[in-house]
Structures are given as structure tokens and as C-alpha cells.
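> See query-v3.txt below, with compact mmCIF, C-alpha atoms.
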```txt
# COMPACT_ATOMS: atom_id res chain seq x y z
CA MET A 1 121.91 -13.59 112.35
CA GLY A 2 124.46 -11.34 110.63
CA GLY A 3 121.92 -10.46 107.95
CA VAL A 4 119.38 -9.40 110.54
CA VAL A 5 121.92 -7.17 112.26
CA ALA A 6 122.90 -5.62 108.96
CA GLU A 7 119.26 -4.99 108.13
CA ARG A 8 118.67 -3.26 111.45
CA ARG A 9 121.72 -1.12 111.03
CA GLY A 10 120.59 -0.19 107.58
CA ARG A 11 117.17 0.78 108.82
CA GLY A 12 118.74 2.86 111.60
CA ALA A 13 120.96 4.66 109.13
CA ASP A 14 118.10 5.29 106.74
CA GLY A 15 115.96 6.57 109.60
CA GLY A 16 118.65 9.04 110.65
CA VAL A 17 119.01 10.30 107.09
CA ARG A 18 115.24 10.70 106.81
CA ARG A 19 115.11 12.66 110.08
CA ILE A 20 117.89 14.99 108.91
CA ALA A 21 116.12 15.41 105.59
CA ARG A 22 112.89 16.31 107.34
CA TRP A 23 114.72 19.02 109.37
CA ARG A 24 116.45 20.33 106.29
CA GLY A 25 113.42 20.35 104.09
CA ALA A 26 110.60 21.11 106.52
CA GLY A 27 109.33 24.64 106.70
CA GLY A 28 110.63 25.54 103.23
CA ALA A 29 109.86 29.17 102.46
CA ARG A 30 108.42 29.68 105.94
CA GLY A 31 111.74 28.62 107.44
CA ARG A 32 113.50 31.19 105.29
CA VAL A 33 111.03 33.85 106.43
CA LEU A 34 111.80 33.01 110.07
CA ALA A 35 115.53 33.20 109.32
CA LEU A 36 115.02 36.58 107.68
CA LEU A 37 113.11 37.87 110.71
CA ALA A 38 115.93 36.67 112.95
CA LEU A 39 118.49 38.50 110.80
CA VAL A 40 116.42 41.70 110.87
CA THR A 41 116.15 41.50 114.68
CA ALA A 42 119.91 41.03 114.99
CA ALA A 43 120.54 43.93 112.61
CA VAL A 44 118.30 46.31 114.54
CA LEU A 45 119.92 45.33 117.85
CA THR A 46 123.41 45.83 116.46
CA PHE A 47 122.86 48.78 114.12
CA HIS A 48 119.95 50.56 115.81
CA SER A 49 121.59 53.93 115.16
CA ALA A 50 120.99 53.32 111.45
CA VAL A 51 117.21 53.20 111.91
CA PRO A 52 116.04 56.52 110.41
CA ASP A 53 114.70 59.16 112.78
CA ALA A 54 113.12 61.42 110.19
CA GLY A 55 109.41 62.02 110.39
CA GLY A 56 108.03 60.14 113.36
CA ARG A 57 111.39 59.60 115.12
CA LEU A 58 111.21 55.85 114.65
CA GLY A 59 114.86 55.46 115.62
CA SER A 60 114.37 57.01 119.05
CA LEU A 61 111.23 54.95 119.61
CA VAL A 62 113.08 51.71 118.85
CA GLU A 63 115.98 52.71 121.09
CA ALA A 64 113.65 53.61 123.95
CA PHE A 65 112.64 49.95 124.24
CA LEU A 66 115.69 48.31 122.65
CA PRO A 67 116.33 45.63 125.34
CA TRP A 68 112.80 44.29 124.85
CA LEU A 69 113.59 43.48 121.24
CA GLY A 70 115.34 40.40 122.57
CA LEU A 71 111.94 38.94 123.40
CA ALA A 72 111.40 38.41 119.67
CA VAL A 73 113.78 35.44 119.89
CA ALA A 74 111.31 33.35 121.94
CA PRO A 75 108.36 33.22 119.47
CA LEU A 76 110.77 32.83 116.55
CA LEU A 77 112.40 29.89 118.34
CA VAL A 78 109.01 28.22 118.92
CA ALA A 79 108.06 28.76 115.28
CA ALA A 80 111.40 27.35 114.09
CA LEU A 81 110.91 24.23 116.20
CA VAL A 82 107.37 23.75 114.98
CA ARG A 83 108.51 24.14 111.37
CA ARG A 84 111.59 21.99 112.03
CA SER A 85 113.68 24.60 110.24
CA ALA A 86 117.39 24.10 110.87
CA VAL A 87 118.14 27.29 108.89
CA ALA A 88 115.92 29.37 111.19
CA LEU A 89 117.41 27.81 114.31
CA VAL A 90 120.93 28.67 113.20
CA ALA A 91 119.85 32.20 112.23
CA LEU A 92 118.37 32.73 115.71
CA LEU A 93 121.86 32.55 117.17
CA LEU A 94 122.53 35.98 115.67
CA PRO A 95 119.89 38.03 117.60
CA ALA A 96 120.68 36.07 120.75
CA LEU A 97 124.38 36.91 120.46
CA ALA A 98 123.58 40.50 119.46
CA TRP A 99 121.44 40.97 122.57
CA LEU A 100 124.09 39.48 124.83
CA GLY A 101 126.72 41.71 123.27
CA GLN A 102 124.57 44.78 123.79
CA PHE A 103 123.06 44.09 127.21
CA GLY A 104 124.66 40.98 128.66
CA GLY A 105 127.08 43.00 130.75
CA LEU A 106 124.20 44.58 132.64
CA LEU A 107 123.24 41.12 133.94
CA LEU A 108 126.63 40.45 135.51
CA PRO A 109 127.02 40.76 139.30
CA ALA A 110 127.98 44.16 140.63
CA GLN A 111 131.69 44.83 140.63
CA SER A 112 133.28 44.61 144.04
CA GLY A 113 135.72 47.18 145.33
CA ALA A 114 135.78 50.63 146.79
CA HIS A 115 133.69 53.47 145.44
CA HIS A 116 133.74 57.19 146.12
CA LEU A 117 130.11 58.26 146.06
CA THR A 118 126.63 56.76 146.50
CA VAL A 119 123.70 58.66 145.03
CA VAL A 120 119.93 58.30 144.89
CA GLN A 121 117.85 59.66 142.03
CA HIS A 122 114.04 59.82 142.23
CA ASN A 123 111.18 61.51 140.48
CA VAL A 124 108.98 61.67 143.57
CA GLY A 125 105.79 62.50 141.65
CA ASP A 126 103.80 65.70 141.99
CA GLU A 127 100.82 63.70 143.30
CA ASN A 128 102.79 61.66 145.84
CA PRO A 129 100.45 61.07 148.83
CA ASP A 130 103.30 60.41 151.28
CA PRO A 131 106.31 62.70 150.73
CA ALA A 132 107.59 62.13 154.28
CA GLY A 133 107.53 58.35 153.84
CA THR A 134 109.21 58.68 150.46
CA ALA A 135 111.99 60.80 151.94
CA ALA A 136 112.53 58.31 154.76
CA ALA A 137 112.77 55.42 152.29
CA LEU A 138 115.40 57.25 150.24
CA ALA A 139 117.45 58.18 153.30
CA ALA A 140 117.40 54.54 154.42
CA ALA A 141 119.62 53.69 151.44
CA ALA A 142 122.32 55.87 153.08
CA PRO A 143 123.42 57.76 149.96
CA ASP A 144 125.75 60.75 149.99
CA LEU A 145 123.50 62.70 147.61
CA VAL A 146 119.75 62.65 146.99
CA ALA A 147 118.31 64.22 143.85
CA LEU A 148 114.55 64.76 143.53
CA GLU A 149 112.27 65.89 140.72
CA GLU A 150 108.62 67.01 140.76
CA VAL A 151 109.06 68.56 144.18
CA THR A 152 105.93 70.65 144.67
CA PRO A 153 105.82 73.68 147.00
CA SER A 154 103.29 71.93 149.21
CA ALA A 155 105.44 68.78 149.59
CA LEU A 156 108.80 70.54 149.97
CA PRO A 157 108.53 71.09 153.77
CA ALA A 158 108.00 67.35 154.28
CA TYR A 159 111.11 66.45 152.28
CA GLN A 160 113.12 69.08 154.10
CA ALA A 161 111.98 67.95 157.53
CA VAL A 162 112.82 64.27 156.99
CA LEU A 163 116.10 64.76 155.15
CA ALA A 164 117.50 67.63 157.20
CA SER A 165 119.22 65.56 159.90
CA ARG A 166 121.26 63.42 157.50
CA TYR A 167 121.54 65.92 154.68
CA PRO A 168 122.05 69.38 156.15
CA HIS A 169 123.01 70.93 152.81
CA HIS A 170 120.34 71.28 150.17
CA ALA A 171 119.25 73.40 147.23
CA VAL A 172 115.98 73.65 145.31
CA GLU A 173 115.41 75.34 141.96
CA GLY A 174 111.90 75.18 140.57
CA THR A 175 110.72 71.59 140.93
CA VAL A 176 114.14 69.90 141.29
CA GLY A 177 116.22 69.59 144.44
CA LEU A 178 119.52 68.26 145.75
CA TRP A 179 120.22 67.11 149.32
CA SER A 180 123.82 66.47 150.34
CA LYS A 181 125.94 65.28 153.26
CA TYR A 182 128.63 67.65 152.04
CA PRO A 183 128.65 71.45 151.66
CA LEU A 184 127.19 72.97 148.50
CA THR A 185 128.49 76.07 146.74
CA GLY A 186 127.82 77.78 143.45
CA VAL A 187 124.18 76.73 143.30
CA ARG A 188 122.40 78.10 140.26
CA ARG A 189 119.43 77.41 138.03
CA LEU A 190 120.12 75.66 134.74
CA ASP A 191 118.43 77.11 131.68
CA ILE A 192 117.32 73.95 129.88
CA LYS A 193 113.88 75.23 128.90
CA PRO A 194 112.91 74.56 125.26
CA ALA A 195 111.87 77.65 123.33
CA ALA A 196 108.29 76.43 122.89
CA ILE A 197 107.65 76.13 126.64
CA GLY A 198 106.37 79.19 128.47
CA GLU A 199 108.00 81.10 131.30
CA GLY A 200 107.99 79.67 134.80
CA TRP A 201 109.28 76.24 133.70
CA SER A 202 112.33 75.50 135.86
CA ARG A 203 113.67 71.95 135.99
CA GLY A 204 117.42 72.12 136.35
CA LEU A 205 120.11 73.10 138.83
CA ARG A 206 123.87 72.95 139.13
CA ALA A 207 125.83 72.87 142.37
CA ALA A 208 129.44 72.30 143.40
CA VAL A 209 129.79 69.68 146.16
CA ARG A 210 132.85 69.58 148.43
CA THR A 211 133.38 65.86 148.95
CA PRO A 212 136.28 64.16 150.79
CA GLU A 213 137.81 63.41 147.36
CA GLY A 214 137.56 67.05 146.30
CA GLU A 215 135.06 69.25 144.56
CA ILE A 216 132.61 67.81 142.05
CA ALA A 217 129.89 69.44 139.97
CA VAL A 218 126.41 67.95 140.34
CA TYR A 219 123.63 68.54 137.86
CA VAL A 220 120.00 67.70 138.62
CA ALA A 221 117.58 67.82 135.70
CA HIS A 222 114.08 66.84 134.65
CA LEU A 223 113.75 66.85 130.87
CA PRO A 224 110.37 67.26 129.13
CA SER A 225 108.17 64.23 128.71
CA VAL A 226 107.84 62.28 125.47
CA ARG A 227 104.64 60.93 123.94
CA ILE A 228 103.70 58.20 121.47
CA ARG A 229 101.17 59.72 119.09
CA PRO A 230 99.63 58.73 115.74
CA SER A 231 102.19 61.01 114.09
CA GLY A 232 105.06 59.18 115.76
CA PHE A 233 107.34 59.52 118.78
CA ALA A 234 107.05 63.09 120.06
CA SER A 235 110.44 63.80 121.64
CA GLN A 236 111.34 67.17 120.13
CA LEU A 237 111.11 69.12 123.39
CA ARG A 238 113.06 66.48 125.29
CA ASP A 239 115.75 66.45 122.63
CA GLU A 240 116.08 70.24 122.65
CA SER A 241 116.38 70.28 126.43
CA ALA A 242 119.00 67.49 126.27
CA ARG A 243 121.07 69.57 123.86
CA LEU A 244 120.97 72.55 126.23
CA LEU A 245 121.95 70.34 129.16
CA GLY A 246 124.72 68.71 127.13
CA ALA A 247 126.14 72.13 126.28
CA ALA A 248 126.13 73.09 129.97
CA VAL A 249 127.99 69.91 130.91
CA ALA A 250 130.50 70.46 128.11
CA ALA A 251 131.22 73.97 129.43
CA GLU A 252 131.58 72.81 133.05
CA PRO A 253 135.10 73.71 134.30
CA VAL A 254 135.16 71.14 137.13
CA ASP A 255 136.55 67.82 135.87
CA ARG A 256 134.34 65.49 137.90
CA VAL A 257 130.65 65.77 137.08
CA VAL A 258 127.58 63.80 138.15
CA LEU A 259 124.26 64.12 136.36
CA LEU A 260 121.16 62.94 138.23
CA GLY A 261 117.75 63.22 136.72
CA ASP A 262 114.58 62.05 135.11
CA LEU A 263 115.77 62.39 131.53
CA ASN A 264 112.64 60.83 130.00
CA GLY A 265 114.82 58.60 127.86
CA THR A 266 117.05 55.55 128.04
CA VAL A 267 120.81 55.65 127.59
CA ASP A 268 120.34 53.95 124.18
CA ASP A 269 118.04 56.71 122.91
CA ARG A 270 119.90 58.93 120.44
CA GLY A 271 117.97 61.92 121.78
CA LEU A 272 120.21 61.79 124.86
CA ALA A 273 123.43 61.56 122.82
CA PRO A 274 124.46 65.13 123.82
CA LEU A 275 124.80 63.66 127.34
CA THR A 276 125.71 60.01 126.86
CA SER A 277 128.47 60.91 124.38
CA ARG A 278 130.17 62.98 127.10
CA MET A 279 129.46 60.92 130.21
CA ALA A 280 129.78 57.35 131.45
CA VAL A 281 126.60 55.29 131.75
CA PRO A 282 125.99 52.49 134.30
CA ARG A 283 127.90 49.24 133.67
CA ARG A 284 125.80 46.85 135.76
CA GLY A 285 122.05 46.65 136.33
CA PHE A 286 118.99 47.32 134.20
CA ALA A 287 117.25 49.26 137.02
CA LEU A 288 114.02 49.73 135.05
CA SER A 289 112.36 52.63 136.84
CA TRP A 290 109.17 53.57 134.96
CA PRO A 291 106.30 53.06 135.39
CA ALA A 292 106.53 51.85 138.98
CA SER A 293 103.61 49.44 138.55
CA PHE A 294 105.32 47.57 135.69
CA PRO A 295 108.71 49.07 134.82
CA VAL A 296 109.65 48.85 131.14
CA ALA A 297 112.45 51.42 130.88
CA ARG A 298 115.04 53.21 132.96
CA ILE A 299 114.43 56.89 132.34
CA ASP A 300 115.87 57.91 135.72
CA GLN A 301 119.57 58.23 135.05
CA VAL A 302 122.89 58.55 136.84
CA LEU A 303 125.76 59.60 134.55
CA ALA A 304 129.32 60.62 135.38
CA ARG A 305 132.21 62.46 133.73
CA SER A 306 135.81 61.62 134.67
CA GLY A 307 134.49 58.57 136.44
CA ALA A 308 132.39 55.43 136.14
CA VAL A 309 129.02 54.19 137.34
CA PRO A 310 129.81 50.54 138.13
CA GLU A 311 126.35 49.71 139.47
CA ILE A 312 122.78 50.96 139.44
CA ARG A 313 119.70 49.33 140.96
CA THR A 314 116.16 50.23 141.91
CA LEU A 315 114.77 50.73 145.40
CA PRO A 316 111.29 49.63 146.53
CA ALA A 317 108.31 51.60 145.28
CA THR A 318 107.26 54.82 147.00
CA GLY A 319 104.17 56.93 146.43
CA SER A 320 105.50 57.93 142.99
CA ASP A 321 104.87 56.51 139.54
CA HIS A 322 108.67 56.11 139.24
CA LEU A 323 110.94 53.77 141.18
CA PRO A 324 113.96 55.33 142.90
CA VAL A 325 117.40 54.29 141.67
CA VAL A 326 120.60 54.11 143.71
CA ALA A 327 124.04 54.07 142.10
CA ARG A 328 127.71 53.95 143.04
CA ILE A 329 130.29 56.22 141.41
CA THR A 330 134.06 55.85 141.20
CA TRP A 331 136.40 58.57 139.99
CA ASP A 332 139.23 58.15 137.52
CA PRO A 333 142.48 58.43 139.51
CA ALA A 334 144.06 60.61 136.84
CA THR A 335 141.44 63.35 137.29
CA GLY A 336 141.26 65.89 140.04
CA SER A 337 138.95 68.57 141.29
CA ARG A 338 139.84 71.76 139.50
CA PRO A 339 138.34 74.77 141.31
CA ASP A 340 135.40 76.44 139.63
CA SER A 341 137.07 79.18 137.56
CA ARG A 342 133.92 81.29 137.69
CA GLY A 343 134.26 81.69 141.43
CA ARG A 344 130.96 80.02 142.14
```
Produce C-alpha cells that represent the structure in this file.

Amino acid sequence: MGGVVAERRGRGADGGVRRIARWRGAGGARGRVLALLALVTAAVLTFHSAVPDAGGRLGSLVEAFLPWLGLAVAPLLVAALVRRSAVALVALLLPALAWLGQFGGLLLPAQSGAHHLTVVQHNVGDENPDPAGTAAALAAAAPDLVALEEVTPSALPAYQAVLASRYPHHAVEGTVGLWSKYPLTGVRRLDIKPAAIGEGWSRGLRAAVRTPEGEIAVYVAHLPSVRIRPSGFASQLRDESARLLGAAVAAEPVDRVVLLGDLNGTVDDRGLAPLTSRMAVPRRGFALSWPASFPVARIDQVLARSGAVPEIRTLPATGSDHLPVVARITWDPATGSRPDSRGR
């Protein structure tokens, strides 16, 4: 009887060793290739700023869709399991951890606590068939400020009529507008037009808003579109406009600043570094806003200086090809509202 037991134990031990050997040896070179792909994915997620931008602006293109790079883990995991490659499975921990380190915080629940300002940002679309319905949907979110882009002259009366009762203070410059519960002063057009674009292009405004917490400066902007072409990622005009806007924010004398706009770029895109290097980006929420039919990126942004954006989320679709976003803003207690030294 004891010999039989010993034989069974021996077989069990040998079987376990054989199974481990199969996992270690299976896949061979293919397992190492999978591990290499996992390492490359982790490296791009972690060091995306090192991806060169010369020529076709590959770096900006990668950063525009950076969160989606995490999807590469799924097919690599399936391949590693099929190949029974332990090396590849261990290597896959790196891109998974890199993605969580980069974007995991956005998945956390919204932070509780008081906030100072609620804002809505929306590119309403120049072909929106229902501007009145769009305005009503935005007002239903009960924000303090509403920023709109692609406001056409024909649709402007509809937006004004619906928003007037809740937002008696408003300003429009070119195709961008700001509606506010609080008084506006110092409204002016922002010159963010790239040199290659002709006259008549007006997509930016600045206004001072007198809130209960003091004066803040609000910028509304619509940067030029980007295109994916055979020659690469065409973002030169957007990048030039972002630099002009960044310079305007840097020169702003009021401490507390809010930027609302369709920036045609994500906060990871280095083309928006003149803005994201100076302002806080949202801490919670992906809020993918474009295209409305199947959102793949948040290009509608809410940024703040001397404050934080603890939460951003999308609202239901309107007649636009963008989804609206709503965000909360809190101000740093150490900052105050310095009066506009230019008297505006």
C-alpha cells in the first residue's frame, strides 16, 4: 500500500514539474516577442513625451489617443495564455501598471466636498438643428457659467432667448460666447489667430467675472482643427494658436483663471503644453466628448489656474457632434482676486 502511495505522489510531483516546464518553455521566441511588445507599450505609456514629434508629429498623435493604448494589453494577454508564456504574462504587468499610474485616478469616484464654481463647456456645432433645445439642456445642469463655440449668427438669437432668464450676463466674440449668472466686465476679443489663417477668424474671448468669491478671469477659446493625413498629424495651426492663448493666460493679471473651450486636443497632447503647463487639468473623469456618436477623446476642456478641477463629466448628446462637459472648480485658499490692473 505504501509503495502505491509513493508512486502516486511521485507521479503527481513529476506532473507538476512537467506543467511548469511547459509554461516556461512554451512559446519560446514568440513569448519573448510578446514580452518585448508589452515592454514597448509600457514605455510609450510612461515616456510618451520622448516619442519624437519631428516630421509627421507622431508624438502628438500618440498622445491624442494615449488612454486607448491600454487596450493593447488584452490581445497580448490572450496571446500569452495561448503560448503559455510565463515571461510574457509577467511582462504584461508593466503596461497594466503604467496605465493605472497614468489614468487610474480618473476612474476614482468624484471627490466630495464644497466647490466654488460649476461650468459647462460645449461646442454646439454650426449645423445644430435645435439650438433652443441644446441651450435648454445645458441650462438644466444648473452651471454658473456656460461657454459655447461654433455659435452662428443665425443660431445666436435662440441661445440668447433660452439662456437669458438664468444667465442675464453674456458676451459673444466671433463664434464663441460666454453666459454667466454673475456680472461680466472687461470683455475683449482674444487674438489667437494663426498667421496662415485669413482675416475674419475670431474664436476667442476674455472676460472678468464678479463671483461671490471675488473676481476671476474667464477665457473661452476654439482652437483650429487637426487632421490625420498621409503626411502625418497636421496640428501646426492648433499648436500655434495654443501658444498664443498660453501667452495670454501667462500675462493675465487676475490670479484665478478658468479656460473653457474646444481645444482640439487632449490634456496629454504636447501641443497644448503652453496651457496645461500653466493650468490644472481635471482630476476625475474621462469625459470623452468627441465625436458624440462614439466618443474617443476629450477635446472639450476645462482648465483652471490658482485652483483645481476635481471633476469633469459629459452631459447627454445634443444636436452637436460634440458632447457637452460639466465641471466643478475649487479655488486655492491662498489665492485671491487681484483687480485687473488694466482697468478692464
> Which of these residues is nearest to A:Asp262, using all atoms listed in the file: A:Ala86, A:Ala334, A:Val33, A:Val176?
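Comparing A:Ala86, A:Ala334, A:Val33, A:Val176 against A:Asp262, the winner is A:Val176.
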> So, counting only C-alpha atoms, which residue among A:Ala132, A:Leu184, A:Leu36, A:Val326 is closest to A:Val87?
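Of the candidates, the smallest distance to A:Val87 is held by A:Leu36.
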> What does the structure give for the distance between atom CA of A:Val254 and atom CA of A:Ala208, in Å to one decimal?
8.6 Å
> From the list A:Ser85, A:Ser235, A:Ser202, A:Ser112, which residue is nearest A:Gly56 when using all atoms listed in the file?
A:Ser235
> Excluding stretch 292-308 of chain A and residues on its chain fewer than 4 positions from it, collect all residues at most 6 Å away from it, counting all atoms listed in the file, and give them as a VMD selection string.
chain A and resid 256 to 266 279 to 281 288 321 to 323 329 to 332
> When you count only C-alpha atoms, which of these residues is closest to A:Gly133: A:Leu71, A:Val172, A:Ala317, A:Ala147?
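Once distances to A:Gly133 are computed over only C-alpha atoms, the minimum belongs to A:Ala317.
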> Please supply stretch 177-198 of chain A, rebuilt with N, CA and C atoms, as a compact mmCIF listing (two decimals), in the frame of the given file.

```txt
# COMPACT_ATOMS: atom_id res chain seq x y z
N GLY A 177 115.46 69.31 143.23
CA GLY A 177 116.22 69.59 144.44
C GLY A 177 117.37 68.62 144.64
N LEU A 178 118.36 69.07 145.43
CA LEU A 178 119.52 68.26 145.75
C LEU A 178 119.77 68.35 147.25
N TRP A 179 119.88 67.19 147.90
CA TRP A 179 120.22 67.11 149.32
C TRP A 179 121.57 66.42 149.45
N SER A 180 122.45 66.95 150.30
CA SER A 180 123.82 66.47 150.34
C SER A 180 124.36 66.38 151.77
N LYS A 181 125.21 65.36 152.00
CA LYS A 181 125.94 65.28 153.26
C LYS A 181 127.06 66.32 153.32
N TYR A 182 127.47 66.78 152.14
CA TYR A 182 128.63 67.65 152.04
C TYR A 182 128.20 69.07 151.64
N PRO A 183 129.02 70.05 151.95
CA PRO A 183 128.65 71.45 151.66
C PRO A 183 128.44 71.70 150.16
N LEU A 184 127.49 72.57 149.87
CA LEU A 184 127.19 72.97 148.50
C LEU A 184 127.62 74.41 148.29
N THR A 185 128.16 74.69 147.13
CA THR A 185 128.49 76.07 146.74
C THR A 185 128.09 76.26 145.28
N GLY A 186 128.07 77.50 144.86
CA GLY A 186 127.82 77.78 143.45
C GLY A 186 126.51 77.24 142.92
N VAL A 187 125.48 77.24 143.75
CA VAL A 187 124.18 76.73 143.30
C VAL A 187 123.56 77.74 142.32
N ARG A 188 123.07 77.21 141.22
CA ARG A 188 122.40 78.10 140.26
C ARG A 188 121.38 77.32 139.46
N ARG A 189 120.43 78.03 138.90
CA ARG A 189 119.43 77.41 138.03
C ARG A 189 120.04 77.14 136.68
N LEU A 190 119.69 76.00 136.10
CA LEU A 190 120.12 75.66 134.74
C LEU A 190 119.02 76.06 133.76
N ASP A 191 119.40 76.74 132.70
CA ASP A 191 118.43 77.11 131.68
C ASP A 191 118.38 76.00 130.63
N ILE A 192 117.49 75.05 130.83
CA ILE A 192 117.32 73.95 129.88
C ILE A 192 115.90 73.95 129.31
N LYS A 193 115.26 75.10 129.35
CA LYS A 193 113.88 75.23 128.90
C LYS A 193 113.83 75.33 127.37
N PRO A 194 113.10 74.43 126.71
CA PRO A 194 112.91 74.56 125.26
C PRO A 194 112.18 75.85 124.91
N ALA A 195 112.44 76.36 123.74
CA ALA A 195 111.87 77.65 123.33
C ALA A 195 110.36 77.63 123.30
N ALA A 196 109.74 76.49 123.02
CA ALA A 196 108.29 76.43 122.89
C ALA A 196 107.56 76.37 124.22
N ILE A 197 108.28 76.20 125.31
CA ILE A 197 107.65 76.13 126.64
C ILE A 197 107.65 77.51 127.27
N GLY A 198 106.53 77.86 127.90
CA GLY A 198 106.37 79.19 128.47
C GLY A 198 107.24 79.44 129.68
```
